[in-house]
>>> print(open('entry08.cif').read())   # mmCIF, C-alpha atoms
data_model
loop_
_atom_site.label_atom_id
_atom_site.label_comp_id
_atom_site.auth_asym_id
_atom_site.auth_seq_id
_atom_site.Cartn_x
_atom_site.Cartn_y
_atom_site.Cartn_z
CA MET A 56 -97.64 44.80 53.45
CA GLU A 57 -96.15 43.89 50.08
CA GLU A 58 -98.47 42.57 47.42
CA THR A 59 -97.12 39.57 45.52
CA PRO A 60 -98.81 38.62 42.25
CA PRO A 61 -98.76 35.02 41.04
CA PRO A 62 -95.49 33.77 39.52
CA LEU A 63 -94.86 34.31 35.84
CA LEU A 64 -93.63 31.38 33.85
CA GLY A 65 -90.60 32.22 31.79
CA SER A 66 -90.16 35.52 30.03
CA SER A 67 -93.79 36.52 29.52
CA LYS A 68 -92.96 40.19 30.17
CA PRO A 69 -90.28 41.88 28.02
CA HIS A 70 -89.15 44.27 30.79
CA LEU A 71 -88.37 41.29 33.02
CA GLU A 72 -86.19 39.84 30.28
CA LYS A 73 -84.17 43.09 30.39
CA LEU A 74 -84.08 43.17 34.19
CA THR A 75 -82.68 39.66 34.36
CA LEU A 76 -80.17 40.37 31.56
CA GLY A 77 -81.62 37.58 29.45
CA ILE A 78 -81.02 34.90 32.09
CA THR A 79 -84.61 33.64 31.79
CA ARG A 80 -84.18 32.96 28.06
CA ILE A 81 -80.84 31.22 28.65
CA LEU A 82 -82.27 29.05 31.42
CA GLU A 83 -85.38 28.13 29.44
CA SER A 84 -83.25 26.98 26.51
CA SER A 85 -80.83 24.99 28.68
CA PRO A 86 -81.27 21.19 28.63
CA GLY A 87 -82.73 19.83 31.85
CA VAL A 88 -83.79 23.21 33.26
CA THR A 89 -87.47 23.39 34.16
CA GLU A 90 -89.91 25.55 36.08
CA VAL A 91 -88.31 28.94 35.45
CA THR A 92 -90.60 31.27 37.40
CA ILE A 93 -90.51 34.93 38.31
CA VAL A 94 -92.46 36.51 41.13
CA GLU A 95 -92.63 40.21 40.39
CA LYS A 96 -93.78 42.72 42.98
CA VAL A 97 -96.01 45.71 42.35
CA PRO A 98 -94.11 48.96 41.65
CA ALA A 99 -92.90 51.02 44.59
CA GLU A 100 -94.43 54.42 45.12
CA ARG A 101 -92.26 57.54 44.96
CA HIS A 102 -92.86 58.31 48.63
CA MET A 103 -91.40 54.90 49.56
CA ILE A 104 -88.17 55.75 47.75
CA SER A 105 -88.03 59.26 49.26
CA SER A 106 -88.67 57.82 52.69
CA TRP A 107 -85.80 55.32 52.28
CA GLU A 108 -83.45 58.09 51.11
CA GLN A 109 -84.36 60.32 54.08
CA LYS A 110 -84.10 57.49 56.60
CA ASN A 111 -80.67 56.46 55.27
CA ASN A 112 -79.43 59.97 54.44
CA CYS A 113 -78.49 58.69 51.00
CA LEU A 114 -79.64 59.52 47.47
CA LEU A 115 -80.26 56.49 45.29
CA PRO A 116 -79.06 56.55 41.67
CA GLU A 117 -81.77 57.40 39.12
CA ASP A 118 -81.57 53.99 37.44
CA LEU A 119 -82.25 52.26 40.78
CA LYS A 120 -85.16 54.59 41.50
CA ASN A 121 -86.55 53.82 38.04
CA PHE A 122 -86.17 50.09 38.70
CA TYR A 123 -88.18 50.33 41.91
CA LEU A 124 -90.82 52.46 40.18
CA MET A 125 -91.19 49.65 37.62
CA THR A 126 -91.14 46.73 40.07
CA ASN A 127 -90.49 46.70 43.80
CA GLY A 128 -88.15 43.74 43.47
CA PHE A 129 -88.55 40.22 42.14
CA HIS A 130 -87.63 36.63 42.83
CA MET A 131 -86.73 34.15 40.10
CA THR A 132 -86.29 30.43 40.68
CA TRP A 133 -85.52 27.44 38.48
CA SER A 134 -85.20 23.71 38.80
CA VAL A 135 -83.51 20.86 36.95
CA LYS A 136 -84.90 17.51 35.95
CA LEU A 137 -82.69 14.58 36.97
CA ASP A 138 -84.08 11.18 36.06
CA GLU A 139 -87.72 11.46 37.13
CA HIS A 140 -87.10 14.04 39.85
CA THR A 141 -87.40 17.82 39.68
CA ILE A 142 -84.82 19.43 41.96
CA PRO A 143 -84.84 23.15 42.86
CA LEU A 144 -81.49 24.52 41.75
CA GLY A 145 -81.29 28.29 41.49
CA SER A 146 -82.67 31.49 42.89
CA MET A 147 -82.09 35.14 42.01
CA ALA A 148 -83.74 37.93 43.97
CA ILE A 149 -83.72 41.68 44.19
CA ASN A 150 -85.21 42.87 47.46
CA SER A 151 -87.97 45.42 47.74
CA ILE A 152 -87.07 49.01 48.65
CA SER A 153 -88.18 48.34 52.25
CA LYS A 154 -85.54 45.60 52.53
CA LEU A 155 -82.78 47.57 50.81
CA THR A 156 -79.79 47.98 53.13
CA GLN A 157 -77.17 50.68 52.78
CA LEU A 158 -73.61 49.40 53.02
CA ASN A 159 -71.24 52.02 54.32
CA GLN A 160 -67.85 51.96 52.69
CA SER A 161 -65.58 49.99 54.91
CA SER A 162 -62.30 48.22 54.35
CA MET A 163 -64.07 45.11 55.65
CA TYR A 164 -66.11 44.93 52.41
CA SER A 165 -63.31 45.65 49.96
CA LEU A 166 -60.24 43.81 48.84
CA PRO A 167 -56.85 45.49 48.95
CA ASN A 168 -56.04 46.97 45.56
CA ALA A 169 -59.51 46.00 44.24
CA PRO A 170 -60.42 47.85 41.04
CA THR A 171 -63.06 50.55 41.23
CA LEU A 172 -65.30 52.17 38.62
CA ALA A 173 -62.70 54.93 38.35
CA ASP A 174 -60.14 52.32 37.28
CA LEU A 175 -62.46 51.09 34.53
CA GLU A 176 -62.92 54.63 33.27
CA ASP A 177 -59.13 55.11 33.21
CA ASP A 178 -58.70 51.88 31.19
CA THR A 179 -61.26 53.04 28.61
CA HIS A 180 -59.46 56.36 28.30
CA GLU A 181 -56.11 54.60 27.77
CA ASP A 182 -57.61 52.34 25.07
CA ASN A 183 -58.77 55.41 23.14
CA ILE A 184 -55.25 56.93 23.26
CA LYS A 185 -53.45 53.87 21.83
#
>>> encode(input="entry08.cif", output="structure tokens")
Amino acid sequence: MEETPPPLLGSSKPHLEKLTLGITRILESSPGVTEVTIVEKVPAERHMISSWEQKNNCLLPEDLKNFYLMTNGFHMTWSVKLDEHTIPLGSMAINSISKLTQLNQSSMYSLPNAPTLADLEDDTHEDNIK
């Protein structure tokens, strides 16, 4: 069973600010936005990651493994104040390793002629040549 600590208000932990790419700071400074909270989960254990990789016959990238070793997912929510009412508006979540689902490459999930990471690398190389 996953342990869920109480929600953190705002960006009280610097690593969460990095994980959310500064979104918490932006939301907190936006007019009308209230109740920015983050529910962070306890870190995953290495055996949980290894187990997922074996079960799915897939090696996770090191940065993703490091993320899960730091926090086993999180859920951030925020609301807005309209007149005298607080209305839930947004939600951002990264699932725990146990809820991570492998997507097999399929044409169903990609657009025709959609750029790939290889295309981005080629563009960077061309910019350096010019």
>>> residues_around(input="entry08.cif", residues="Thr156 (chain A)", least_positions_apart="5", cutoff="12 Å", atoms="only C-alpha atoms", output="PyMOL selection string")
chain A and resi 107-108+110-111+113+115+149-151
>>> closest_residue(input="entry08.cif", among="A:Asn127, A:Ser153, A:Thr141, A:Asn159", to="Val94 (chain A)", atoms="only C-alpha atoms")
A:Asn127
>>> residues_near_point(input="entry08.cif", point="(-89.1, 52.4, 40.8)", cutoff="12 Å", atoms="all atoms listed in the file", output="list in words")
Lys96, Val97, Pro98, Ala99, Glu100, Arg101, His102, Met103, Ile104, Ser105, Leu115, Pro116, Glu117, Asp118, Leu119, Lys120, Asn121, Phe122, Tyr123, Leu124, Met125, Thr126, Asn127, Gly128, Ser151 and Ile152 of chain A
>>> write_last_selection(input="entry08.cif", atoms="C-alpha atoms", output="PDB file, keeping the file's coordinate frame")
ATOM      1  CA  LYS A  96     -93.780  42.720  42.980  1.00  0.00           C
ATOM      2  CA  VAL A  97     -96.010  45.710  42.350  1.00  0.00           C
ATOM      3  CA  PRO A  98     -94.110  48.960  41.650  1.00  0.00           C
ATOM      4  CA  ALA A  99     -92.900  51.020  44.590  1.00  0.00           C
ATOM      5  CA  GLU A 100     -94.430  54.420  45.120  1.00  0.00           C
ATOM      6  CA  ARG A 101     -92.260  57.540  44.960  1.00  0.00           C
ATOM      7  CA  HIS A 102     -92.860  58.310  48.630  1.00  0.00           C
ATOM      8  CA  MET A 103     -91.400  54.900  49.560  1.00  0.00           C
ATOM      9  CA  ILE A 104     -88.170  55.750  47.750  1.00  0.00           C
ATOM     10  CA  SER A 105     -88.030  59.260  49.260  1.00  0.00           C
ATOM     11  CA  LEU A 115     -80.260  56.490  45.290  1.00  0.00           C
ATOM     12  CA  PRO A 116     -79.060  56.550  41.670  1.00  0.00           C
ATOM     13  CA  GLU A 117     -81.770  57.400  39.120  1.00  0.00           C
ATOM     14  CA  ASP A 118     -81.570  53.990  37.440  1.00  0.00           C
ATOM     15  CA  LEU A 119     -82.250  52.260  40.780  1.00  0.00           C
ATOM     16  CA  LYS A 120     -85.160  54.590  41.500  1.00  0.00           C
ATOM     17  CA  ASN A 121     -86.550  53.820  38.040  1.00  0.00           C
ATOM     18  CA  PHE A 122     -86.170  50.090  38.700  1.00  0.00           C
ATOM     19  CA  TYR A 123     -88.180  50.330  41.910  1.00  0.00           C
ATOM     20  CA  LEU A 124     -90.820  52.460  40.180  1.00  0.00           C
ATOM     21  CA  MET A 125     -91.190  49.650  37.620  1.00  0.00           C
ATOM     22  CA  THR A 126     -91.140  46.730  40.070  1.00  0.00           C
ATOM     23  CA  ASN A 127     -90.490  46.700  43.800  1.00  0.00           C
ATOM     24  CA  GLY A 128     -88.150  43.740  43.470  1.00  0.00           C
ATOM     25  CA  SER A 151     -87.970  45.420  47.740  1.00  0.00           C
ATOM     26  CA  ILE A 152     -87.070  49.010  48.650  1.00  0.00           C
TER      27      ILE A 152
END
>>> closest_residue(input="entry08.cif", among="A:Leu114, A:Met131, A:Leu82, A:Val91", to="Met147 (chain A)", atoms="all atoms listed in the file")
A:Met131
>>> atom_distance(input="entry08.cif", atom1="CA of Asp138 (chain A)", atom2="CA of Thr89 (chain A)")
12.8 Å
>>> atom_distance(input="entry08.cif", atom1="CA of Ser146 (chain A)", atom2="CA of Trp133 (chain A)")
6.6 Å
>>> atom_distance(input="entry08.cif", atom1="CA of Gly87 (chain A)", atom2="CA of Leu137 (chain A)")
7.3 Å
>>> resolve_selection(input="entry08.cif", expression="the PyMOL selection byres ((chain A and resi 144) around 6)", output="PyMOL selection string")
chain A and resi 133-134+143+145
>>> residues_around(input="entry08.cif", residues="Val88 (chain A)", least_positions_apart="2", cutoff="6 Å", atoms="all atoms listed in the file", output="PDB file with C-alpha atoms, keeping the file's coordinate frame")
ATOM      1  CA  SER A  85     -80.830  24.990  28.680  1.00  0.00           C
ATOM      2  CA  PRO A  86     -81.270  21.190  28.630  1.00  0.00           C
ATOM      3  CA  SER A 134     -85.200  23.710  38.800  1.00  0.00           C
ATOM      4  CA  VAL A 135     -83.510  20.860  36.950  1.00  0.00           C
TER       5      VAL A 135
END
>>> closest_residue(input="entry08.cif", among="A:Glu90, A:Leu74, A:Gln157, A:Gln109", to="Ile142 (chain A)", atoms="only C-alpha atoms")
A:Glu90
>>> decode(input="entry08.cif", residues="region 112-134 of chain A", atoms="C-alpha atoms", output="tab-separated table (two decimals), in the first residue's frame")
chain	number	residue	atom	x	y	z
A	112	ASN	CA	10.83	-6.43	-20.10
A	113	CYS	CA	11.91	-2.81	-20.40
A	114	LEU	CA	14.76	-0.78	-18.91
A	115	LEU	CA	13.74	2.62	-17.60
A	116	PRO	CA	15.98	5.63	-18.31
A	117	GLU	CA	18.30	6.58	-15.42
A	118	ASP	CA	16.63	9.97	-14.92
A	119	LEU	CA	13.24	8.28	-14.47
A	120	LYS	CA	14.72	5.78	-12.02
A	121	ASN	CA	16.27	8.66	-10.09
A	122	PHE	CA	12.92	10.46	-10.04
A	123	TYR	CA	11.19	7.44	-8.52
A	124	LEU	CA	14.00	7.00	-6.00
A	125	MET	CA	13.38	10.61	-4.91
A	126	THR	CA	9.56	10.47	-4.88
A	127	ASN	CA	7.23	7.72	-6.00
A	128	GLY	CA	5.03	10.19	-7.85
A	129	PHE	CA	3.10	13.26	-6.80
A	130	HIS	CA	-0.19	15.05	-7.29
A	131	MET	CA	-0.48	18.83	-7.47
A	132	THR	CA	-3.79	20.70	-7.46
A	133	TRP	CA	-4.81	24.35	-7.51
A	134	SER	CA	-7.96	26.40	-7.36
